[in-house]
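Reproduced below: work.pdb, with PDB, C-alpha atoms.
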```pdb
ATOM      1  CA  VAL A   1      21.283 -75.944 150.943
ATOM      2  CA  THR A   2      18.349 -77.570 152.738
ATOM      3  CA  ALA A   3      20.304 -79.477 155.397
ATOM      4  CA  GLY A   4      23.795 -78.910 156.721
ATOM      5  CA  SER A   5      23.940 -75.189 156.025
ATOM      6  CA  ALA A   6      24.903 -74.362 159.613
ATOM      7  CA  GLU A   7      27.911 -76.695 159.436
ATOM      8  CA  LEU A   8      28.920 -75.376 156.032
ATOM      9  CA  GLY A   9      28.386 -71.733 156.914
ATOM     10  CA  CYS A  10      26.432 -71.053 153.730
ATOM     11  CA  ASN A  11      22.726 -71.511 153.119
ATOM     12  CA  SER A  12      22.456 -70.110 149.611
ATOM     13  CA  GLY A  13      24.612 -69.060 146.723
ATOM     14  CA  ASN A  14      25.449 -69.479 143.086
ATOM     15  CA  PHE A  15      27.360 -72.149 141.236
ATOM     16  CA  PHE A  16      28.476 -72.973 137.753
ATOM     17  CA  ASP A  17      29.678 -76.197 136.173
ATOM     18  CA  LEU A  18      32.873 -76.652 134.236
ATOM     19  CA  PRO A  19      34.303 -79.810 132.729
ATOM     20  CA  ALA A  20      37.279 -80.984 134.739
ATOM     21  CA  ALA A  21      40.616 -81.578 133.063
ATOM     22  CA  ALA A  22      40.658 -84.980 131.393
ATOM     23  CA  ALA A  23      43.755 -85.843 133.425
ATOM     24  CA  LEU A  24      41.742 -85.596 136.661
ATOM     25  CA  ALA A  25      38.951 -87.939 135.549
ATOM     26  CA  PRO A  26      37.302 -88.366 132.150
ATOM     27  CA  SER A  27      33.738 -87.988 133.471
ATOM     28  CA  ALA A  28      34.409 -85.401 136.172
ATOM     29  CA  ILE A  29      32.535 -82.134 136.522
ATOM     30  CA  ARG A  30      33.924 -79.237 138.542
ATOM     31  CA  LYS A  31      31.399 -76.973 140.312
ATOM     32  CA  ASN A  32      32.478 -73.584 141.622
ATOM     33  CA  PHE A  33      30.255 -72.383 144.475
ATOM     34  CA  THR A  34      30.001 -68.763 145.683
ATOM     35  CA  CYS A  35      28.197 -68.238 148.965
ATOM     36  CA  THR A  36      25.694 -65.347 148.960
ATOM     37  CA  SER A  37      24.141 -65.917 152.406
ATOM     38  CA  GLY A  38      26.491 -66.820 155.217
ATOM     39  CA  GLY A  39      30.253 -67.082 154.856
ATOM     40  CA  SER A  40      32.272 -65.270 152.233
ATOM     41  CA  GLY A  41      34.456 -66.973 149.686
ATOM     42  CA  THR A  42      34.189 -69.776 147.195
ATOM     43  CA  PHE A  43      34.723 -73.502 147.118
ATOM     44  CA  THR A  44      35.140 -76.028 144.323
ATOM     45  CA  VAL A  45      33.721 -79.531 144.387
ATOM     46  CA  MET A  46      34.655 -82.315 141.958
ATOM     47  CA  PHE A  47      31.833 -84.631 140.894
ATOM     48  CA  ASN A  48      32.759 -87.987 139.355
ATOM     49  CA  THR A  49      29.736 -89.384 137.573
ATOM     50  CA  ARG A  50      29.201 -93.081 137.256
ATOM     51  CA  PRO A  51      26.135 -93.815 135.121
ATOM     52  CA  ARG A  52      26.171 -97.515 136.003
ATOM     53  CA  ARG A  53      26.720 -96.919 139.716
ATOM     54  CA  PRO A  54      23.679 -97.889 141.756
ATOM     55  CA  GLY A  55      21.871 -95.051 143.450
ATOM     56  CA  PRO A  56      18.504 -93.315 143.671
ATOM     57  CA  GLY A  57      19.201 -90.662 141.028
ATOM     58  CA  PRO A  58      17.404 -91.356 137.751
ATOM     59  CA  PHE A  59      19.736 -88.948 135.913
ATOM     60  CA  GLY A  60      23.059 -90.019 137.384
ATOM     61  CA  ASN A  61      24.963 -90.978 140.495
ATOM     62  CA  GLY A  62      28.552 -90.811 141.621
ATOM     63  CA  THR A  63      30.925 -89.355 144.170
ATOM     64  CA  TRP A  64      31.916 -85.819 145.162
ATOM     65  CA  SER A  65      34.884 -84.318 146.987
ATOM     66  CA  VAL A  66      35.917 -80.805 147.972
ATOM     67  CA  TRP A  67      38.837 -79.781 145.779
ATOM     68  CA  LYS A  68      39.725 -76.313 147.083
ATOM     69  CA  GLY A  69      38.311 -73.218 148.768
ATOM     70  CA  THR A  70      38.972 -69.529 149.338
ATOM     71  CA  GLY A  71      38.054 -67.072 152.088
ATOM     72  CA  ASP A  72      35.944 -68.677 154.821
ATOM     73  CA  PHE A  73      36.093 -71.964 152.901
ATOM     74  CA  ALA A  74      39.900 -72.163 152.541
ATOM     75  CA  ASN A  75      40.100 -75.113 154.971
ATOM     76  CA  LEU A  76      36.961 -76.933 153.815
ATOM     77  CA  HIS A  77      37.318 -80.694 153.276
ATOM     78  CA  GLY A  78      34.768 -83.381 152.562
ATOM     79  CA  ALA A  79      33.527 -86.168 150.327
ATOM     80  CA  GLY A  80      30.542 -88.413 149.737
ATOM     81  CA  ASP A  81      27.978 -89.625 147.225
ATOM     82  CA  PHE A  82      25.613 -87.654 145.010
ATOM     83  CA  SER A  83      22.518 -88.357 142.969
ATOM     84  CA  LEU A  84      20.994 -86.164 140.287
ATOM     85  CA  MET A  85      17.326 -86.366 141.201
ATOM     86  CA  ASP A  86      15.546 -84.026 138.774
ATOM     87  CA  VAL A  87      16.518 -82.104 135.644
ATOM     88  CA  ASP A  88      14.704 -79.477 133.596
ATOM     89  CA  PHE A  89      16.811 -79.376 130.447
ATOM     90  CA  GLY A  90      14.836 -76.451 129.010
ATOM     91  CA  ALA A  91      15.406 -74.207 132.027
ATOM     92  CA  LEU A  92      18.859 -75.687 132.733
ATOM     93  CA  THR A  93      17.952 -76.390 136.364
ATOM     94  CA  GLY A  94      18.130 -79.480 138.500
ATOM     95  CA  VAL A  95      18.050 -80.950 141.982
ATOM     96  CA  GLU A  96      21.003 -82.849 143.382
ATOM     97  CA  MET A  97      21.193 -84.828 146.608
ATOM     98  CA  LEU A  98      24.609 -84.939 148.274
ATOM     99  CA  THR A  99      25.388 -87.120 151.258
ATOM    100  CA  GLY A 100      28.695 -87.374 153.050
ATOM    101  CA  HIS A 101      30.802 -85.400 155.495
ATOM    102  CA  ILE A 102      32.285 -81.915 155.516
ATOM    103  CA  PHE A 103      34.711 -80.426 157.998
ATOM    104  CA  PHE A 104      37.161 -77.585 158.382
ATOM    105  CA  ALA A 105      40.807 -78.416 159.085
ATOM    106  CA  PRO A 106      43.965 -76.306 158.791
TER
END
```
Mind turning this structure into structure tokens?
Amino acid sequence: VTAGSAELGCNSGNFFDLPAAAALAPSAIRKNFTCTSGGSGTFTVMFNTRPRRPGPGPFGNGTWSVWKGTGDFANLHGAGDFSLMDVDFGALTGVEMLTGHIFFAP
């Protein structure tokens, strides 16, 4: 996390992608995040890709929303837009830009 880590309570961690259930959205990707520097717990974000949606990402654009959280992230909410800015398919790495709002609410 390069910006917003103080608000989130996590400035680094691990994540893995899973396809979302087709009933949620046919092009959705679910990312499970585990914080390794800052708060403890996990949170899941749903990404809905829209290849034709305008945006700066040459590899894809769409929307994101917090789906659920555990531990310090149990009351995390938020949503916004994302762009996939860079991909190294050989190393399976990439850079994503997320904009939007996050907040904690009971």
Selection under test: the PyMOL selection byres ((chain A and resi 34) around 7); residues as an NGL selection string
:A and (13-15 or 32-33 or 35-36 or 41-43)
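Note that the spacing between atom CA of A:Met85 and atom CA of A:Phe73 amounts to 26.4 Å.
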From A:Ala105, A:Asp86, A:Ala28, A:Gly38, residue lying nearest A:Ser12 [all atoms listed in the file]:
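Distance minimum relative to A:Ser12 lands on A:Gly38.
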Going by the chain IDs and residue numbers used in this file, which residues fall under the PyMOL selection byres ((chain A and resi 46) around 8)? Write them as an MDAnalysis selection string.
chainID A and resid 20 28:31 44:45 47:48 64:67
Which stretch 2-87 of chain A residues have any atom within 12 Å of an atom of stretch 91-100 of chain A, and for each, what is the nearest pair of atoms with distance in Å to one decimal, counting all atoms listed in the file, rows sorted by chain and number, as CSV?
```
residue,atom,partner,partner_atom,distance
A:Thr2,CA,A:Met97,CA,9.9
A:Ala3,CA,A:Leu98,CA,10.0
A:Gly4,CA,A:Thr99,CA,10.0
A:Phe15,CA,A:Thr93,CA,11.4
A:Phe16,CA,A:Thr93,CA,11.2
A:Asp17,CA,A:Leu92,CA,11.4
A:Val45,CA,A:Leu98,CA,11.3
A:Phe47,CA,A:Leu98,CA,10.3
A:Gly55,CA,A:Met97,CA,10.7
A:Pro56,CA,A:Met97,CA,9.4
A:Gly57,CA,A:Met97,CA,8.3
A:Pro58,CA,A:Glu96,CA,10.8
A:Phe59,CA,A:Glu96,CA,9.7
A:Gly60,CA,A:Glu96,CA,9.6
A:Asn61,CA,A:Met97,CA,9.5
A:Gly62,CA,A:Leu98,CA,9.7
A:Thr63,CA,A:Leu98,CA,8.7
A:Trp64,CA,A:Leu98,CA,8.0
A:Ser65,CA,A:Gly100,CA,9.2
A:Val66,CA,A:Gly100,CA,11.0
A:His77,CA,A:Gly100,CA,10.9
A:Gly78,CA,A:Gly100,CA,7.3
A:Ala79,CA,A:Gly100,CA,5.7
A:Gly80,CA,A:Gly100,CA,3.9
A:Asp81,CA,A:Thr99,CA,5.4
A:Phe82,CA,A:Leu98,CA,4.4
A:Ser83,CA,A:Met97,CA,5.2
A:Leu84,CA,A:Glu96,CA,4.5
A:Met85,CA,A:Val95,CA,5.5
A:Asp86,CA,A:Val95,CA,5.1
A:Val87,CA,A:Gly94,CA,4.2
```
Restrict the selected residues to C-alpha atoms and save them as a CSV table (one decimal), keeping the file's coordinate frame.
```csv
chain,number,residue,atom,x,y,z
A,2,THR,CA,18.3,-77.6,152.7
A,3,ALA,CA,20.3,-79.5,155.4
A,4,GLY,CA,23.8,-78.9,156.7
A,15,PHE,CA,27.4,-72.1,141.2
A,16,PHE,CA,28.5,-73.0,137.8
A,17,ASP,CA,29.7,-76.2,136.2
A,45,VAL,CA,33.7,-79.5,144.4
A,47,PHE,CA,31.8,-84.6,140.9
A,55,GLY,CA,21.9,-95.1,143.4
A,56,PRO,CA,18.5,-93.3,143.7
A,57,GLY,CA,19.2,-90.7,141.0
A,58,PRO,CA,17.4,-91.4,137.8
A,59,PHE,CA,19.7,-88.9,135.9
A,60,GLY,CA,23.1,-90.0,137.4
A,61,ASN,CA,25.0,-91.0,140.5
A,62,GLY,CA,28.6,-90.8,141.6
A,63,THR,CA,30.9,-89.4,144.2
A,64,TRP,CA,31.9,-85.8,145.2
A,65,SER,CA,34.9,-84.3,147.0
A,66,VAL,CA,35.9,-80.8,148.0
A,77,HIS,CA,37.3,-80.7,153.3
A,78,GLY,CA,34.8,-83.4,152.6
A,79,ALA,CA,33.5,-86.2,150.3
A,80,GLY,CA,30.5,-88.4,149.7
A,81,ASP,CA,28.0,-89.6,147.2
A,82,PHE,CA,25.6,-87.7,145.0
A,83,SER,CA,22.5,-88.4,143.0
A,84,LEU,CA,21.0,-86.2,140.3
A,85,MET,CA,17.3,-86.4,141.2
A,86,ASP,CA,15.5,-84.0,138.8
A,87,VAL,CA,16.5,-82.1,135.6
```
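Note that atom CA of A:Cys10 and atom CA of A:Ser40 are 8.4 Å apart.
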In Å, with one decimal, what is the gap from atom CA of A:Thr70 to atom CA of A:Gly39?
10.6 Å
Which is closer to A:Phe103 than all the others in A:Asn11, A:Ala6, A:Leu76, A:Thr49, using all atoms listed in the file?
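The shortest atom-to-atom distance to A:Phe103 comes from A:Leu76.
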With distances taken over all atoms listed in the file, which residue among A:Leu8, A:Leu18, A:Pro54, A:Pro106 lies nearest A:Ala74?
A:Pro106
Exercise on stretch 62-67 of chain A, axis-aligned box with 8 Å per side, report centre and edge lengths in Å to one decimal, as lines of an AutoDock Vina configuration file:
```
center_x = 33.7
center_y = -85.3
center_z = 144.8
size_x = 26.3
size_y = 27.0
size_z = 22.4
```
